[in-house]
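*Asks:* My file is structure11.txt. It has compact mmCIF, C-alpha atoms and all ligand atoms:
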```txt
# COMPACT_ATOMS: atom_id res chain seq x y z
CA MET A 1 14.19 1.40 2.52
CA ARG A 2 10.83 0.12 3.79
CA THR A 3 10.85 -3.36 5.28
CA THR A 4 8.25 -5.88 6.41
CA VAL A 5 9.95 -6.75 9.69
CA GLU A 6 12.26 -4.62 11.86
CA LEU A 7 14.52 -6.53 14.22
CA ASN A 8 16.17 -4.41 16.88
CA ALA A 9 19.22 -6.46 17.81
CA GLY A 10 20.02 -4.37 20.89
CA SER A 11 23.39 -5.58 22.14
CA LYS A 12 22.98 -9.08 20.76
CA THR A 13 25.57 -10.62 18.47
CA PHE A 14 25.74 -14.00 16.76
CA ALA A 15 27.55 -15.22 19.89
CA SER A 16 24.85 -13.93 22.23
CA GLY A 17 21.39 -14.67 20.93
CA LEU A 18 21.00 -12.82 17.64
CA LEU A 19 20.60 -15.99 15.58
CA PRO A 20 17.34 -17.22 17.20
CA ASP A 21 15.90 -13.72 16.83
CA LEU A 22 16.84 -13.68 13.15
CA ILE A 23 15.23 -17.06 12.56
CA ALA A 24 12.10 -15.92 14.37
CA ALA A 25 12.00 -12.76 12.25
CA LEU A 26 12.19 -14.82 9.05
CA ARG A 27 9.43 -17.11 10.33
CA ARG A 28 7.21 -14.04 10.59
CA SER A 29 8.07 -13.14 6.97
CA ARG A 30 7.16 -14.44 3.56
CA LYS A 31 9.67 -15.24 0.80
CA GLY A 32 10.75 -12.01 -0.86
CA ASP A 33 10.00 -9.83 2.17
CA LEU A 34 12.61 -7.32 3.34
CA VAL A 35 13.81 -7.65 6.92
CA ALA A 36 15.77 -4.91 8.71
CA VAL A 37 18.31 -5.72 11.42
CA ILE A 38 19.26 -2.69 13.51
CA SER A 39 22.20 -2.59 15.89
CA SER A 40 24.57 -0.10 17.46
CA ASP A 41 27.33 -2.70 17.01
CA PRO A 42 28.66 -2.45 13.44
CA ASP A 43 30.83 -5.50 14.03
CA ILE A 44 27.95 -7.89 13.48
CA GLY A 45 28.00 -6.85 9.79
CA PRO A 46 30.56 -9.36 8.46
CA GLU A 47 28.87 -12.25 10.29
CA LEU A 48 25.45 -11.15 9.08
CA GLU A 49 26.76 -11.01 5.52
CA ALA A 50 28.27 -14.49 5.84
CA TRP A 51 25.04 -15.82 7.36
CA CYS A 52 23.04 -14.35 4.47
CA ARG A 53 25.27 -16.06 1.93
CA PHE A 54 25.13 -19.36 3.77
CA THR A 55 21.34 -19.28 4.10
CA ARG A 56 20.69 -17.95 0.57
CA ASN A 57 19.13 -14.76 1.75
CA SER A 58 20.54 -11.55 0.30
CA LEU A 59 21.88 -8.48 2.01
CA VAL A 60 20.48 -5.66 -0.11
CA ASP A 61 21.23 -2.49 1.83
CA ILE A 62 23.36 -1.09 4.64
CA ALA A 63 22.78 2.35 6.13
CA ILE A 64 23.92 4.25 9.19
CA GLU A 65 21.02 5.99 10.91
CA GLU A 66 21.39 8.00 14.12
CA GLY A 67 24.57 6.19 15.07
CA ARG A 68 23.13 2.73 14.49
CA THR A 69 23.63 0.42 11.52
CA ARG A 70 20.59 -0.85 9.64
CA TRP A 71 21.10 -3.90 7.46
CA VAL A 72 18.31 -4.93 5.12
CA LEU A 73 18.12 -8.50 3.86
CA ARG A 74 15.69 -10.09 1.47
CA TYR A 75 14.26 -13.38 2.65
CA GLY A 76 14.58 -16.14 0.15
CA GLU A 77 15.36 -16.89 -3.45
CA ALA A 78 15.11 -14.85 -6.59
CA PRO A 79 11.76 -14.78 -8.34
CA GLU A 80 11.88 -16.96 -11.47
CA ASN A 81 11.29 -14.12 -13.87
CA VAL A 82 13.89 -11.58 -12.71
CA GLY A 83 15.72 -10.16 -15.70
CA GLU A 84 13.54 -11.85 -18.30
CA ASP A 85 13.27 -8.53 -20.12
CA ARG A 86 17.06 -8.38 -20.33
CA PRO A 87 18.30 -11.68 -21.72
CA VAL A 88 22.06 -12.13 -21.71
CA GLY A 89 23.50 -10.37 -24.73
CA SER A 90 20.67 -7.90 -25.26
CA ARG A 91 22.69 -5.20 -23.51
CA LEU A 92 26.39 -4.77 -24.07
CA TRP A 93 28.60 -2.49 -21.97
CA LEU A 94 31.98 -1.15 -23.01
CA TYR A 95 34.43 0.46 -20.60
CA THR A 96 36.50 2.56 -22.98
CA ASN A 97 39.29 3.93 -20.78
CA PHE A 98 38.89 4.03 -16.93
CA ASP A 99 40.66 7.38 -16.44
CA CYS A 100 38.43 10.32 -15.56
CA ASN A 101 38.58 14.06 -14.95
CA LEU A 102 36.79 13.45 -11.62
CA SER A 103 37.49 11.15 -8.70
CA CYS A 104 34.06 10.58 -7.17
CA ASP A 105 34.18 9.03 -3.72
CA TYR A 106 31.81 6.20 -4.68
CA CYS A 107 33.15 5.40 -8.16
CA CYS A 108 32.55 1.67 -8.62
CA VAL A 109 35.71 1.23 -10.72
CA ARG A 110 38.03 3.69 -8.93
CA SER A 111 38.34 6.04 -11.90
CA SER A 112 40.21 9.30 -11.40
CA PRO A 113 42.63 11.64 -13.16
CA THR A 114 45.48 9.45 -11.88
CA ALA A 115 43.94 6.09 -12.77
CA PRO A 116 46.00 4.57 -15.58
CA ARG A 117 44.24 4.64 -18.93
CA ARG A 118 43.20 1.12 -19.91
CA ALA A 119 41.86 1.81 -23.37
CA LEU A 120 39.73 -0.64 -25.28
CA GLY A 121 40.78 1.13 -28.46
CA VAL A 122 38.85 1.94 -31.59
CA GLU A 123 39.99 -1.15 -33.53
CA ARG A 124 38.74 -3.54 -30.87
CA VAL A 125 35.51 -1.55 -30.57
CA ARG A 126 34.94 -1.79 -34.34
CA ARG A 127 35.27 -5.58 -34.18
CA ILE A 128 33.01 -5.71 -31.12
CA ALA A 129 30.40 -3.62 -32.94
CA ILE A 130 30.41 -5.87 -36.01
CA GLU A 131 30.09 -9.03 -33.94
CA ALA A 132 27.52 -7.46 -31.62
CA ALA A 133 25.29 -6.64 -34.58
CA GLU A 134 25.57 -10.24 -35.80
CA LEU A 135 24.63 -11.48 -32.33
CA GLY A 136 21.55 -9.26 -32.14
CA VAL A 137 22.68 -6.92 -29.36
CA SER A 138 19.88 -4.37 -29.01
CA GLU A 139 21.56 -1.71 -26.85
CA ILE A 140 25.18 -0.66 -26.35
CA PHE A 141 26.36 1.39 -23.38
CA VAL A 142 29.67 3.21 -23.53
CA THR A 143 31.22 4.27 -20.25
CA GLY A 144 34.67 5.56 -19.23
CA GLY A 145 35.87 6.59 -16.62
CA GLU A 146 34.97 9.64 -18.63
CA PRO A 147 34.68 8.65 -22.31
CA PHE A 148 35.09 12.22 -23.58
CA MET A 149 38.70 12.19 -22.36
CA LEU A 150 39.54 9.95 -25.31
CA PRO A 151 40.62 11.70 -28.52
CA ASP A 152 38.95 8.99 -30.61
CA ILE A 153 35.70 8.72 -28.65
CA GLY A 154 33.77 10.05 -31.66
CA GLU A 155 34.92 7.12 -33.79
CA ILE A 156 34.26 4.67 -30.98
CA VAL A 157 30.69 5.85 -30.43
CA ALA A 158 30.01 6.06 -34.16
CA ALA A 159 31.15 2.44 -34.56
CA CYS A 160 28.84 1.33 -31.75
CA ALA A 161 25.93 3.32 -33.14
CA THR A 162 26.12 1.48 -36.44
CA ALA A 163 25.54 -1.77 -34.52
CA ALA A 164 22.80 -0.71 -32.10
CA PRO A 165 21.32 2.34 -30.37
CA THR A 166 24.09 3.57 -28.11
CA THR A 167 24.08 5.37 -24.79
CA VAL A 168 27.19 7.22 -23.65
CA LEU A 169 27.58 7.63 -19.88
CA THR A 170 29.35 10.89 -19.11
CA ASN A 171 29.73 13.47 -16.39
CA GLY A 172 28.88 16.09 -19.02
CA MET A 173 31.79 18.35 -18.10
CA LEU A 174 33.88 18.11 -21.26
CA PHE A 175 31.48 19.46 -23.87
CA GLY A 176 33.63 22.47 -24.79
CA GLY A 177 36.29 22.88 -27.48
CA VAL A 178 37.26 19.52 -28.98
CA GLY A 179 34.58 17.80 -26.87
CA LEU A 180 31.89 19.97 -28.44
CA ALA A 181 33.15 19.25 -31.94
CA THR A 182 33.10 15.53 -31.12
CA LEU A 183 29.60 15.81 -29.72
CA ARG A 184 28.32 17.62 -32.78
CA ALA A 185 29.62 14.91 -35.10
CA LEU A 186 27.75 12.08 -33.30
CA PRO A 187 24.61 10.65 -34.93
CA ARG A 188 21.82 12.12 -32.81
CA GLY A 189 19.21 9.59 -33.85
CA ARG A 190 21.32 6.68 -32.57
CA VAL A 191 23.06 8.18 -29.55
CA THR A 192 21.70 9.03 -26.09
CA LEU A 193 23.78 10.89 -23.53
CA GLN A 194 23.35 9.72 -19.96
CA ILE A 195 24.66 12.50 -17.74
CA SER A 196 25.27 12.13 -14.02
CA LEU A 197 23.49 14.51 -11.67
CA ASP A 198 23.15 13.32 -8.10
CA SER A 199 21.03 16.01 -6.46
CA PRO A 200 18.71 18.90 -7.26
CA THR A 201 21.25 21.43 -5.94
CA PRO A 202 25.06 21.44 -5.97
CA GLU A 203 25.85 20.58 -2.33
CA ARG A 204 25.41 16.80 -2.31
CA HIS A 205 26.57 16.26 -5.89
CA ASP A 206 29.71 18.30 -5.23
CA SER A 207 30.37 16.56 -1.92
CA HIS A 208 30.83 13.29 -3.85
CA ARG A 209 32.27 14.68 -7.06
CA GLY A 210 34.17 17.86 -6.28
CA LYS A 211 33.44 21.57 -6.04
CA GLY A 212 31.80 23.05 -9.11
CA ALA A 213 30.92 19.65 -10.62
CA TRP A 214 27.13 20.16 -10.38
CA THR A 215 27.20 23.49 -12.20
CA ARG A 216 29.37 22.11 -14.99
CA ALA A 217 27.24 18.98 -15.29
CA TRP A 218 24.08 21.08 -15.57
CA ARG A 219 25.73 23.19 -18.26
CA GLY A 220 26.61 19.97 -20.07
CA ILE A 221 23.01 18.78 -19.87
CA GLU A 222 21.76 22.05 -21.34
CA ARG A 223 24.38 22.00 -24.07
CA ALA A 224 23.63 18.39 -25.06
CA ARG A 225 19.92 19.18 -25.24
CA ALA A 226 20.60 22.33 -27.27
CA GLU A 227 22.61 20.18 -29.69
CA GLY A 228 19.56 18.01 -30.20
CA PHE A 229 20.53 14.92 -28.19
CA ARG A 230 18.28 12.81 -26.08
CA VAL A 231 19.61 13.24 -22.54
CA ARG A 232 18.98 10.82 -19.68
CA LEU A 233 19.74 12.05 -16.16
CA ALA A 234 21.35 9.53 -13.83
CA ALA A 235 21.54 10.05 -10.08
CA THR A 236 23.53 7.96 -7.63
CA VAL A 237 22.07 8.33 -4.16
CA SER A 238 22.66 7.07 -0.62
CA THR A 239 19.14 6.83 0.78
CA ASP A 240 15.50 6.45 -0.22
CA ALA A 241 14.93 10.03 0.92
CA GLU A 242 17.59 11.31 -1.49
CA ALA A 243 16.04 9.23 -4.28
CA GLU A 244 12.61 10.64 -3.53
CA GLU A 245 13.93 14.19 -3.48
CA PHE A 246 15.63 13.71 -6.83
CA ARG A 247 12.49 12.21 -8.36
CA GLY A 248 10.63 15.33 -7.28
CA PHE A 249 13.27 17.42 -9.05
CA LEU A 250 12.92 15.30 -12.21
CA ASP A 251 9.14 15.67 -12.06
CA SER A 252 9.45 19.42 -11.74
CA HIS A 253 11.60 19.47 -14.89
CA GLN A 254 9.17 17.16 -16.72
CA ILE A 255 11.83 14.49 -17.25
CA SER A 256 10.07 11.34 -18.45
CA GLU A 257 10.61 7.92 -16.85
CA GLU A 258 12.68 6.62 -19.77
CA ASN A 259 15.05 9.57 -19.40
CA ARG A 260 15.86 9.05 -15.74
CA VAL A 261 17.90 6.58 -13.71
CA VAL A 262 18.04 6.74 -9.91
CA ARG A 263 20.14 4.06 -8.25
CA ARG A 264 21.86 3.51 -4.93
CA ILE A 265 25.59 3.62 -4.34
CA ALA A 266 27.11 0.17 -4.76
CA LEU A 267 29.70 -0.99 -2.26
CA ARG A 268 32.35 -1.49 -4.94
CA GLY A 269 35.45 0.35 -6.11
CA SER A 270 36.11 3.52 -4.12
CA ALA A 271 32.85 3.36 -2.15
CA THR A 272 33.09 2.79 1.59
CA GLN A 273 29.33 2.58 2.08
CA GLY A 274 26.51 1.37 -0.12
CA ILE A 275 24.71 -1.75 -1.23
CA ALA A 276 26.89 -4.85 -1.07
CA LEU A 277 26.41 -6.68 -4.34
CA ALA A 278 27.60 -10.19 -5.04
CA ARG A 279 27.55 -11.79 -8.47
CA ALA A 280 24.41 -13.73 -7.61
CA ASP A 281 22.66 -10.46 -6.76
CA LEU A 282 23.01 -9.10 -10.28
CA VAL A 283 21.26 -9.92 -13.52
CA PRO A 284 24.23 -10.22 -15.88
CA GLU A 285 24.82 -7.54 -18.50
CA VAL A 286 27.88 -8.45 -20.57
CA THR A 287 30.58 -5.86 -19.92
CA ILE A 288 33.82 -5.59 -21.87
CA THR A 289 36.93 -3.79 -20.72
CA ALA A 290 40.54 -3.84 -21.86
CA GLU A 291 41.02 -6.63 -19.30
CA GLY A 292 38.28 -8.95 -20.48
CA VAL A 293 34.62 -9.81 -20.08
CA PHE A 294 32.75 -9.09 -16.85
CA TRP A 295 29.38 -10.08 -15.44
CA HIS A 296 28.04 -6.57 -14.86
CA PRO A 297 29.24 -2.96 -15.24
CA VAL A 298 29.05 -2.28 -11.52
CA GLY A 299 32.16 -4.38 -10.84
CA ALA A 300 34.08 -4.17 -14.10
CA GLU A 301 37.49 -4.52 -12.52
CA ASP A 302 36.65 -6.99 -9.77
CA ASN A 303 37.83 -10.57 -10.04
CA ASP A 304 34.61 -11.99 -8.60
CA LEU A 305 32.75 -10.58 -11.62
CA LEU A 306 35.36 -11.54 -14.23
CA VAL A 307 33.98 -14.08 -16.67
CA SER A 308 36.77 -14.37 -19.23
CA ARG A 309 40.04 -12.70 -20.21
CA GLU A 310 39.23 -13.43 -23.87
CA ILE A 311 36.92 -10.96 -25.59
CA PHE A 312 36.82 -12.54 -29.04
CA PRO A 313 34.92 -14.05 -30.60
CA LEU A 314 32.14 -12.15 -28.88
CA ALA A 315 29.82 -15.14 -29.26
CA ASN A 316 32.11 -17.09 -26.93
CA SER A 317 32.01 -14.27 -24.38
CA PHE A 318 28.22 -14.28 -24.40
CA ALA A 319 28.21 -18.08 -24.13
CA ALA A 320 30.61 -17.89 -21.17
CA VAL A 321 28.27 -15.51 -19.36
CA ARG A 322 25.28 -17.77 -20.12
CA ARG A 323 27.14 -20.80 -18.78
CA ALA A 324 28.09 -18.82 -15.68
CA ILE A 325 24.51 -17.75 -15.03
CA ASP A 326 23.28 -21.31 -15.51
CA ARG A 327 25.79 -22.49 -12.93
CA GLU A 328 24.93 -19.63 -10.61
CA PHE A 329 21.19 -20.24 -10.69
CA ASP A 330 21.39 -24.01 -10.75
CA HIS A 331 23.55 -24.14 -7.69
CA GLN A 332 22.30 -21.25 -5.71
CA ARG A 333 19.02 -19.81 -6.99
CA ARG A 334 19.43 -16.90 -4.67
CA LEU A 335 18.38 -13.34 -5.21
CA ALA A 336 19.13 -11.74 -8.55
CA LYS A 337 17.94 -8.22 -9.04
CA ILE A 338 18.31 -5.57 -11.63
CA PHE A 339 20.78 -2.94 -10.50
CA ASN A 340 20.09 -0.14 -12.90
CA CYS A 341 23.09 1.63 -14.35
CA ALA A 342 21.19 2.97 -17.31
S1 LIG A 401 31.71 7.94 -11.06
FE1 LIG A 401 31.93 8.51 -13.22
S2 LIG A 401 32.55 10.65 -13.17
FE2 LIG A 401 32.93 9.83 -11.13
S3 LIG A 401 35.08 9.12 -11.12
FE3 LIG A 401 33.79 7.37 -11.68
S4 LIG A 401 33.75 7.40 -13.93
FE4 LIG A 401 34.44 9.44 -13.24
```
Mind turning the file's structure into C-alpha cells?

*Replies:*
Amino acid sequence: MRTTVELNAGSKTFASGLLPDLIAALRRSRKGDLVAVISSDPDIGPELEAWCRFTRNSLVDIAIEEGRTRWVLRYGEAPENVGEDRPVGSRLWLYTNFDCNLSCDYCCVRSSPTAPRRALGVERVRRIAIEAAELGVSEIFVTGGEPFMLPDIGEIVAACATAAPTTVLTNGMLFGGVGLATLRALPRGRVTLQISLDSPTPERHDSHRGKGAWTRAWRGIERARAEGFRVRLAATVSTDAEAEEFRGFLDSHQISEENRVVRRIALRGSATQGIALARADLVPEVTITAEGVFWHPVGAEDNDLLVSREIFPLANSFAAVRRAIDREFDHQRRLAKIFNCA
C-alpha cells in the first residue's frame, strides 16, 4: 500500500521515543494521508492500535515485509461523503447458513464443514424479502458459508430475487447434480453469481482454500457462464502486488469492472493477518443472520458489529442501524471506508 510518509521506528517503542516521531510524522501529513510505521518489533502493534483509536486516526493495514511489520494508518477523520452512494438499507445481506464445504484460513465468519449450521430458513427469508421490497432495498446479497449446501437455497434465492436483484456469493464448487438443477431453476435476469477466485493460478488460491479448490472454482465459473448467468469474480488478497496481479488476469480475460471485486483479507474470523476493521471503519450494510442484525457482512458473528437480536420488523432493524451510525459519527467522526465484499 503506497503511503505519503514512511516512519522507520527502528528499535523505538511507545516507552522509548516512538510517540514524538509519530506526532512529527502526522505534522508532515495532511488529513486523509496514509502514514506507514515500520518496525522489527511486532509488539508495538497493540499500542499503536490503541493510540490510533484514541487519536481518531485509523489503522488500515498491517503487513509483514522482510521480517519487519509495516502498519499503515490514515491521518484524520472520514470524509463527509463516504458511503453516500450506499445509504443504509440500499444493500441487504443475508447469511443463510454459516456451514461450508471449505475451511479457508481467512474466512471472516469461521465457516467450515464442521461449523454448526445456523440457518436463516426459507420462511424467515420470505418475510425479509417482502419487507425489504416495501422498504426499497435495491440489492440483496446472499452468502453462506456456502449457500449451495442448503437443500432449499433455490427457494431462498428465488424469494430474494422477487424483492430485488440478488447476488449469491459462492465458492462455485457445488454446481453438479442437485446443485446444477438448483442453479438452472434460478431466474437468470435477477440473479448474479459472485464466485471466489483468489489468484490467476491455483497455488495461492489453494494455499488458503485447500488443494484442488481453484480448479473446481474455475469449472464452476465456466458452468455458471454456460448456463447464462452473470458471473462476478471476487478475489481476496493479502497485498497490493497480489491485487495488481489479479487485476491483470481479469483484464486478460476481459472481465469488466462491474464483474470484479478485489479486496484485502480482513482481520476477522479465522484470519490471523489482514486489515483490522473496527465498526467505525465500515460503512454499514445491513446484514441479517440467524442470530440477528449486524453492521456489516465482514463481521457477521462478532459482538462489536451486532446491532440487534431482533430481525423483525425489518424497518426497525434498518432504523437501529441508522441510529447506530448517527451515534458513531456524531461521537467519533473517524474514518469510515467502503470495504467491498461485492
Ligand atoms: S471464505 Fe467462503 S468458501 Fe471459504 S470457508 Fe468462508 S464461506 Fe466458505

*Asks:* Quick one: residues within 7 Å of ligand LIG 401 (chain A), with only C-alpha atoms and all ligand atoms, as a list of chain:residue names?

*Replies:*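 My answer, listing the contacting residues, is A:Phe98, A:Cys100, A:Asn101, A:Leu102, A:Ser103, A:Cys104, A:Tyr106, A:Cys107, A:Cys108, A:Val109, A:Arg110, A:Ser111, A:Ser112, A:Gly144, A:Gly145, A:Glu146, A:Thr170, A:Asn171, A:Arg209.
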
*Asks:* Between A:Leu34, A:Leu306, A:Met173, A:Ala50, which is the closest to Gly292 (chain A) once you count all atoms listed in the file?

*Replies:*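 Once distances to Gly292 (chain A) are computed over all atoms listed in the file, the minimum belongs to A:Leu306.
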
*Asks:* For each of A:His208, A:Arg190, A:Arg327, A:Arg118, take the minimum atom-to-atom distance to Thr289 (chain A), counting all atoms listed in the file, then give the residue where this is smallest.

*Replies:* A:Arg118

*Asks:* I'd like to know which of A:Val178, A:Ala290, A:Ala133, A:Ala278 is closest to Arg117 (chain A), using all atoms listed in the file.

*Replies:* A:Ala290

*Asks:* Considering all atoms listed in the file, return as an MDAnalysis selection string whatever protein or nucleic-acid residues lie within 8 Å of Ser29 (chain A), sequence-local ones (same chain, fewer than 6 positions apart) excluded.

*Replies:* chainID A and resid 4:5 35 75

*Asks:* So which residues fall inside 12 Å of (25.5, 8.4, -1.9) if we count only C-alpha atoms? Mind giving them as a ChimeraX atom specification?

*Replies:* /A:62-64,104-108,197-199,204-209,235-243,262-267,270-275

*Asks:* Take the residues that were just selected and, keeping C-alpha atoms, output them as a PDB file, in the coordinates of the input.

*Replies:*
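Saved file out_7.pdb follows:
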```pdb
ATOM      1  CA  ILE A  62      23.360  -1.090   4.640  1.00  0.00           C
ATOM      2  CA  ALA A  63      22.780   2.350   6.130  1.00  0.00           C
ATOM      3  CA  ILE A  64      23.920   4.250   9.190  1.00  0.00           C
ATOM      4  CA  CYS A 104      34.060  10.580  -7.170  1.00  0.00           C
ATOM      5  CA  ASP A 105      34.180   9.030  -3.720  1.00  0.00           C
ATOM      6  CA  TYR A 106      31.810   6.200  -4.680  1.00  0.00           C
ATOM      7  CA  CYS A 107      33.150   5.400  -8.160  1.00  0.00           C
ATOM      8  CA  CYS A 108      32.550   1.670  -8.620  1.00  0.00           C
ATOM      9  CA  LEU A 197      23.490  14.510 -11.670  1.00  0.00           C
ATOM     10  CA  ASP A 198      23.150  13.320  -8.100  1.00  0.00           C
ATOM     11  CA  SER A 199      21.030  16.010  -6.460  1.00  0.00           C
ATOM     12  CA  ARG A 204      25.410  16.800  -2.310  1.00  0.00           C
ATOM     13  CA  HIS A 205      26.570  16.260  -5.890  1.00  0.00           C
ATOM     14  CA  ASP A 206      29.710  18.300  -5.230  1.00  0.00           C
ATOM     15  CA  SER A 207      30.370  16.560  -1.920  1.00  0.00           C
ATOM     16  CA  HIS A 208      30.830  13.290  -3.850  1.00  0.00           C
ATOM     17  CA  ARG A 209      32.270  14.680  -7.060  1.00  0.00           C
ATOM     18  CA  ALA A 235      21.540  10.050 -10.080  1.00  0.00           C
ATOM     19  CA  THR A 236      23.530   7.960  -7.630  1.00  0.00           C
ATOM     20  CA  VAL A 237      22.070   8.330  -4.160  1.00  0.00           C
ATOM     21  CA  SER A 238      22.660   7.070  -0.620  1.00  0.00           C
ATOM     22  CA  THR A 239      19.140   6.830   0.780  1.00  0.00           C
ATOM     23  CA  ASP A 240      15.500   6.450  -0.220  1.00  0.00           C
ATOM     24  CA  ALA A 241      14.930  10.030   0.920  1.00  0.00           C
ATOM     25  CA  GLU A 242      17.590  11.310  -1.490  1.00  0.00           C
ATOM     26  CA  ALA A 243      16.040   9.230  -4.280  1.00  0.00           C
ATOM     27  CA  VAL A 262      18.040   6.740  -9.910  1.00  0.00           C
ATOM     28  CA  ARG A 263      20.140   4.060  -8.250  1.00  0.00           C
ATOM     29  CA  ARG A 264      21.860   3.510  -4.930  1.00  0.00           C
ATOM     30  CA  ILE A 265      25.590   3.620  -4.340  1.00  0.00           C
ATOM     31  CA  ALA A 266      27.110   0.170  -4.760  1.00  0.00           C
ATOM     32  CA  LEU A 267      29.700  -0.990  -2.260  1.00  0.00           C
ATOM     33  CA  SER A 270      36.110   3.520  -4.120  1.00  0.00           C
ATOM     34  CA  ALA A 271      32.850   3.360  -2.150  1.00  0.00           C
ATOM     35  CA  THR A 272      33.090   2.790   1.590  1.00  0.00           C
ATOM     36  CA  GLN A 273      29.330   2.580   2.080  1.00  0.00           C
ATOM     37  CA  GLY A 274      26.510   1.370  -0.120  1.00  0.00           C
ATOM     38  CA  ILE A 275      24.710  -1.750  -1.230  1.00  0.00           C
TER      39      ILE A 275
END
```

*Asks:* Mind pulling up the distance from CA of Arg225 (chain A) to CA of Asn259 (chain A)?

*Replies:*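 Going from CA of Asn259 (chain A) over to CA of Arg225 (chain A), I get 12.3 Å.
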
*Asks:* Which value, in Å to one decimal, gives the distance between CA of Leu174 (chain A) and CA of Gly220 (chain A)?

*Replies:*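 Computing the Euclidean distance for CA of Leu174 (chain A) and CA of Gly220 (chain A) yields 7.6 Å.
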
*Asks:* Give me the residues near Ala181 (chain A) as a short mmCIF file (atom, residue, chain, number, x, y, z; two decimals) with C-alpha atoms, in the coordinates of the input, where near means some atom within 12 Å (using only C-alpha atoms) and where sequence neighbours in that chain fewer than 3 positions away do not count.

*Replies:*
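File produced: around.cif:
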```
data_model
loop_
_atom_site.label_atom_id
_atom_site.label_comp_id
_atom_site.auth_asym_id
_atom_site.auth_seq_id
_atom_site.Cartn_x
_atom_site.Cartn_y
_atom_site.Cartn_z
CA PHE A 148 35.09 12.22 -23.58
CA PRO A 151 40.62 11.70 -28.52
CA ASP A 152 38.95 8.99 -30.61
CA ILE A 153 35.70 8.72 -28.65
CA GLY A 154 33.77 10.05 -31.66
CA LEU A 174 33.88 18.11 -21.26
CA PHE A 175 31.48 19.46 -23.87
CA GLY A 176 33.63 22.47 -24.79
CA GLY A 177 36.29 22.88 -27.48
CA VAL A 178 37.26 19.52 -28.98
CA ARG A 184 28.32 17.62 -32.78
CA ALA A 185 29.62 14.91 -35.10
CA LEU A 186 27.75 12.08 -33.30
CA ALA A 224 23.63 18.39 -25.06
CA GLU A 227 22.61 20.18 -29.69
#
```

*Asks:* So what do you get for CA of Gln194 (chain A) versus CA of Pro87 (chain A), distance-wise?

*Replies:* 22.1 Å

*Asks:* Pick out the closest residue to Ala119 (chain A) from this set: A:Leu180, A:Leu94, A:Ala315, A:Ile140. Count only C-alpha atoms.

*Replies:* A:Leu94

*Asks:* Considering all atoms listed in the file, return as a VMD selection string whatever protein or nucleic-acid residues lie within 12 Å of Arg124 (chain A), sequence-local ones (same chain, fewer than 4 positions apart) excluded.

*Replies:* chain A and resid 94 to 96 119 to 120 128 to 132 155 to 156 159 to 160 288 to 290 292 311 to 314

*Asks:* List the neighbours of Leu26 (chain A) out to 12 Å using all atoms listed in the file; skip same-chain residues closer than 4 positions along the sequence, and give me the result as a list in words.

*Replies:*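 Contacts, in chain order: Thr4, Val5, Glu6, Leu7, Leu19, Pro20, Asp21, Leu22, Arg30, Lys31, Gly32, Asp33, Leu34, Val35, Ala36, Val37, Cys52, Thr55, Asn57, Leu73, Arg74, Tyr75 and Gly76 of chain A.
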
*Asks:* Choose the residue, out of A:Gly179, A:Gly172, A:Pro113, A:Pro200, that has the smallest atom-to-atom separation from Ile221 (chain A); count all atoms listed in the file.

*Replies:*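 Of all the options, A:Gly172 lies closest to Ile221 (chain A).
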
*Asks:* Between A:Glu134, A:Arg279, A:Gly89, A:Glu65, single out the one closest to Asn303 (chain A), counting only C-alpha atoms.

*Replies:*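 Smallest distance to Asn303 (chain A) is found for A:Arg279.
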
*Asks:* Would you mind completing region 300-308 of chain A so that it carries N, CA, C and O atoms, and writing it out as a compact mmCIF listing (two decimals), in the coordinates of the input?

*Replies:*
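Dumped everything to result-v3.txt:
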```txt
# COMPACT_ATOMS: atom_id res chain seq x y z
N ALA A 300 33.35 -3.83 -12.87
CA ALA A 300 34.08 -4.17 -14.10
C ALA A 300 35.59 -4.19 -13.94
O ALA A 300 36.32 -4.10 -14.93
N GLU A 301 36.06 -4.27 -12.72
CA GLU A 301 37.49 -4.52 -12.52
C GLU A 301 37.69 -5.48 -11.35
O GLU A 301 38.80 -5.66 -10.88
N ASP A 302 36.59 -6.12 -10.94
CA ASP A 302 36.65 -6.99 -9.77
C ASP A 302 36.70 -8.46 -10.20
O ASP A 302 35.89 -8.91 -11.02
N ASN A 303 37.62 -9.19 -9.61
CA ASN A 303 37.83 -10.57 -10.04
C ASN A 303 36.60 -11.45 -9.85
O ASN A 303 36.39 -12.39 -10.60
N ASP A 304 35.78 -11.13 -8.81
CA ASP A 304 34.61 -11.99 -8.60
C ASP A 304 33.59 -11.83 -9.72
O ASP A 304 32.71 -12.69 -9.87
N LEU A 305 33.68 -10.76 -10.51
CA LEU A 305 32.75 -10.58 -11.62
C LEU A 305 33.41 -10.83 -12.98
O LEU A 305 32.78 -10.66 -14.02
N LEU A 306 34.68 -11.23 -12.95
CA LEU A 306 35.36 -11.54 -14.23
C LEU A 306 34.84 -12.87 -14.77
O LEU A 306 34.78 -13.86 -14.06
N VAL A 307 34.47 -12.85 -16.04
CA VAL A 307 33.98 -14.08 -16.67
C VAL A 307 35.06 -14.69 -17.55
O VAL A 307 35.28 -15.90 -17.55
N SER A 308 35.76 -13.84 -18.32
CA SER A 308 36.77 -14.37 -19.23
C SER A 308 37.78 -13.27 -19.57
O SER A 308 37.41 -12.10 -19.67
```
